[in-house]
Every structure is written in structure tokens, then in C-alpha cells.
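For reference, the structure discussed in these notes is given below.
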Amino acid sequence: MKKILKNIIKKVHVLKIIEKNIFKFVEGISMDSKIIQPNMIFVAKKGKITDGHKFIIEAIQNGATTIVCEKEPFHIDKHITYILVPDSIEALGIITSNFYDNPTKKIKLIGITGTNGKTSVATILHQLFSRMGEKNILISTLGIKILSKKYPTIHTTPNIIEINKYLNLSIKKGCKYAFMEVSSHGIHQKRIAGLLFKGGVLTNITHDHLDYHGSFDHYLSTKRFFFENLSKKAFALINDDDKNAHKIIKNILAKTYFYGFKKNANFKINILKKNIHGNQLLIDGHKIFTNLIGKFNVYNLLASYATAILLGKRKSDIIKKIKNIKTIKGRFEQFVSNSGIRIIVDYAHNPDGIKTVLNTIKGIKKNDEKLICIIGCGGNRDIKKRSLMGKIVYETCDISIFTSDNPREEDVEKILIDMKNFKSYLKKESMFTVVNRKKAIQTAIKIAKKKDIILIAGKGHETFQEIKGMRYPFNDMKIAKNFFKKKLTIQMK
């Protein structure tokens, strides 16, 4: 793709241009000097750890012909165009949108944000619209998916270059809708700058990411910033049952709608029956059965239903297709062994998430079924939530097994001490510590008897374990299934 620089910097707040050749061709944009190629723009940003301005010379050596920066370099190369801006990341959003033909003006982009449920709602919407014959793109923790083709991502909210690149590609493939997870990190780091959203969905707001935001108020205000920047032509769909939801919508211009179990919500739902196989629901006078389990998934389903209505889809078409939505990978994903032991793998990695999943299981399991939970906490993340999660698991489960999650650069033993640093009115001897996650899963399987339930929490869909800067292959569900296979082979022998 080639674009003239003059057209790419339209609407960018430019302070100064040095070496004013703005009629040159540009063939790409990057913030990484190492992957710069000839005729690309290098955007230098001040980061928390490193300052991109230090890599301007390297970017030029690799072929950059335009530099977007916040401060004038000491050495000026007469063949390079330098564009000085007050904020490189905001400029990057506009530049990238212009380079990729402003895709969010041509596609209906819906942003889903909240502490929990983002992946589920985005994935349900992708499935639902695909089933209704509407071509669409999914941008989520699980990756980017255009129609049926997957593209891997690292962050919940990818960088703005990737977003625009894939949105542009999806439009070329005929997509009219885009469903995207929007994380608090993505909002705060301006990874969604320059995007035009048709709608925003709020799932919930609870304790999470305080290691990054510093306080709950900052976390809340970051989410609020997303909704405050929606236009008058957009809609905001809010979980009416969330206690913090109304703090989000004080100063927003978008048309606001509410969903939930409350009578005054615009979109309401009732649970008629629930069990380990799914939920019988009443939605807009229609009875449907869904394989999605738990009240939290009912909220996710309702948010998706309401979004489809607000995007102009017919109720009858939505009802017909939404009941066939499949379980989302790593979100209450189940497997029952030949010996009758039920394995549930879930991404729950914060206090509200683990509490919700455990209460869901307790609400549908029978009294003679033991609940065993394998849980860890991520390293280099919010320390305060560790003891909260430890206490919830200890007090809710019949047997708790504390283990490693993604320790990253931290000492696993230290993380486990933090998890066990709580006071409880209960005096149980059913808490174990098994540092090796694989052995923890094996221990749970050895302990479990027929009809018992093992919850493996925290990693969900992830296929790796991150230790000291390295990613090692690790898949909770695969490992559990392999242990059952080995157990079965031994018994047959």
C-alpha cells in the first residue's frame, strides 16, 4: 500500500514540519525501529521504560523517510521529513486511520469493555452475526478473526496500526461489522485513538488491574473516558445491574440503553431453569435453551442480543440463531472423563471472576459432588487481589490447590505466600500448595472421585505459561485430558 504523506497527516495536530517534503510516498508505519523498512514512517513515543526518540537514527538507517516525534532531534538529516506533534500516540491514531483509508467510517465498530465478559460478548456477537449471514471481524484476546480466518494477537486491544490494518482488510473481504474488546490498558495507552465507534458495551466494573491504574477511581475513570468519547450518533449499552455502571454514564453524548434483570432495563431476561448443561431463558417473550452456563453468561448473551437489536437486526432472526451459540474457548469450557469426573477450565483471574464462576458451580452441583479448585495468580500484576482470590477459593471449595499461573519475572513461592495471606473464620485442612501447575492438575485428578468437579482457573484459552521472560507450551484442558488418557490406559492394562 502506498500513500502520499500530505494525505496521511490530514487532521493531525502538527506543531512544526522540518524538511517540508510532504509529497513523498509512504509505504508503512511503525513504532518499532527494528522492523522499519524503506519509505516507512517511524513514530517516536515516550514510553514508561524507553523513549522512542532514542531510536530515530536506527529507524532512519533501516529506511524510514518520515519521523513523527514530540521533540526536535539533535541531528537533522536533510533527506528526512520530521513532523513535530504534541502527542505522538494521538497523531499515530489519525495517521494510521488515514493510511488505511479510514476503515471505521466504512464499518460498524462496536467496542466491548468491562472487567469480565469482554471476550465472551465479542465472541458471541461474532458467532451470532456470522450465523445471520453478516460478514464481520472479531478483535479479541483470542485473536483477530475475519470471517473464519484467524490472526494471532498479543494484547487484548492490539496497537492502533494492527487494528486499522485488519479493519481495512476485513472491509476488502466484505465485512460490515466489527466487534472489538476494549481493555482499560488499551484506552489509557491510546491504542484506540482515531477510531470511530458505532456503539460501546459495558459488561461490569470490579476490582482488577490496580497494579497498573493505582486506584479503583482511576480504573473507573479510564472506562468512563471510552464512553465519554462516543459520538452523538453512537449508542452506549450498559449493564443496569452493575453497582458502578451509573458512574460511567454521567457525561456521555451517546444514546444510552440498559440491559439486565431489573424491570426498568431496556433489555430484560429471565432464567427459567438452570443446570450443569445450560440455561432455559425467557427473552422478549421467547423461551430458548442455551448451552452457555451460569448467570454471568446470561448477561453476556443478553448484551449480545441487545447489541444486535441496536444494530437493526430483527428479533426473530436473533432469537433463532442466538440459542445455538457455542461455548467460548477457555470460558467455562467443560469435559467429562470416562470415570465421571467433570473438568471446567475458565479464564477467571480476578476476585469477581473467580467468585462468579465458583458460585455458578455451587448453584448447579449436587450435594454429594465435591468441588476442587486449582488456582494461581499472575506475576508482576496486582498484588492486592492475591489474598482476596485465595480466601474466596479456600472458603468456597471443598478442596483448594494453590499453584503457579504466569509468574513472569516474580518468584512463584512469593506469589503463593501472598495468596495464602488471609484470615478466615473457617478452619479447613483441605488447602494444598503444589508449585508446578502440571502436578497440581495431576493431584486434583488423583483426589477426585466420580461426579466430582475440578475447576482449573486463571489461564482459560492460553496455550503457554510465562516464566522469566520465556513462554512455555501449556494448555490446561489438554493437560487434564492427557492425564485421564494415561489413567485409562493404565486401568485397561
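Ligands are numbered from 1 in the order shown, chains are lettered A, B, ... in the order of the C-alpha cells, and residues start at 1 in each chain.
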
key: 12 Å contact set for A:Ile57, only C-alpha atoms, chain neighbours under 2 positions out, as a PyMOL selection string   = chain A and resi 33-34+36+42+44+52-55+59-67+73-77+80

request  = Among the residues of stretch 213-431 of chain A, find those DSSP assigns to strand (DSSP E) from the backbone and print them as a PyMOL selection string.
outcome  = chain A and resi 235-239+255-260+267-275+278-283+286-290+333-336+342-346+371-375+399-402+431

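Nearest to A:Lys24 of all the residues A:Lys145, A:Lys3, A:His188, A:Lys320 is A:Lys3, based on only C-alpha atoms.
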
query = Can you list every residue in stretch 76-274 of chain A that DSSP puts in alpha helix (DSSP H), as a ChimeraX atom specification?
reply = /A:88-99,118-131,160-172,184-188,210-213,216-228,245-248

For stretch 223-334 of chain A versus stretch 348-372 of chain A, which residues have an atom no more than 7 Å away, and what is each residue's nearest atom pair and distance in Å rounded to one decimal, using only C-alpha atoms, chain-then-number order, as a Markdown table?
| residue | atom | partner | partner_atom | distance |
| --- | --- | --- | --- | --- |
| A:Asn275 | CA | A:Ile364 | CA | 5.2 |
| A:Ile276 | CA | A:Ile364 | CA | 5.9 |
| A:Gly294 | CA | A:Thr360 | CA | 5.4 |

Those selected residues, please, written with C-alpha atoms and delivered as a short mmCIF file (atom, residue, chain, number, x, y, z; two decimals), in the first residue's frame.
data_model
loop_
_atom_site.label_atom_id
_atom_site.label_comp_id
_atom_site.auth_asym_id
_atom_site.auth_seq_id
_atom_site.Cartn_x
_atom_site.Cartn_y
_atom_site.Cartn_z
CA ASN A 275 -28.28 -26.92 35.39
CA ILE A 276 -24.79 -28.13 34.50
CA GLY A 294 -24.14 -19.50 34.61
#

ask   = What lies within 12 Å of stretch 165-171 of chain A using only C-alpha atoms, ignoring chain neighbours under 2 positions off, as a PyMOL selection string?
value = chain A and resi 1+28-30+93+96-109+135-139+143-153+158-163+173-180+195-196

Near stretch 220-239 of chain A, 8 Å: stretch 129-205 of chain A residue rows, closest pairs, only C-alpha atoms, as a tab-separated table:
residue	atom	partner	partner_atom	distance
A:Ser184	CA	A:Thr222	CA	6.2
A:Ile187	CA	A:Thr222	CA	6.7
A:His188	CA	A:Thr222	CA	6.2
A:Leu196	CA	A:Leu230	CA	7.8
A:Phe197	CA	A:Leu230	CA	6.6
A:Lys198	CA	A:Ala234	CA	4.7
A:Gly199	CA	A:Phe235	CA	4.6
A:Gly200	CA	A:Ala236	CA	4.9
A:Val201	CA	A:Leu237	CA	4.7
A:Leu202	CA	A:Ile238	CA	4.9
A:Thr203	CA	A:Asn239	CA	5.7
A:Asn204	CA	A:Asn239	CA	6.5
A:Ile205	CA	A:Leu220	CA	7.4

key: Between atom CA of A:Gly378 and atom CA of A:Pro407 - distance in Å to one decimal   = 5.3 Å
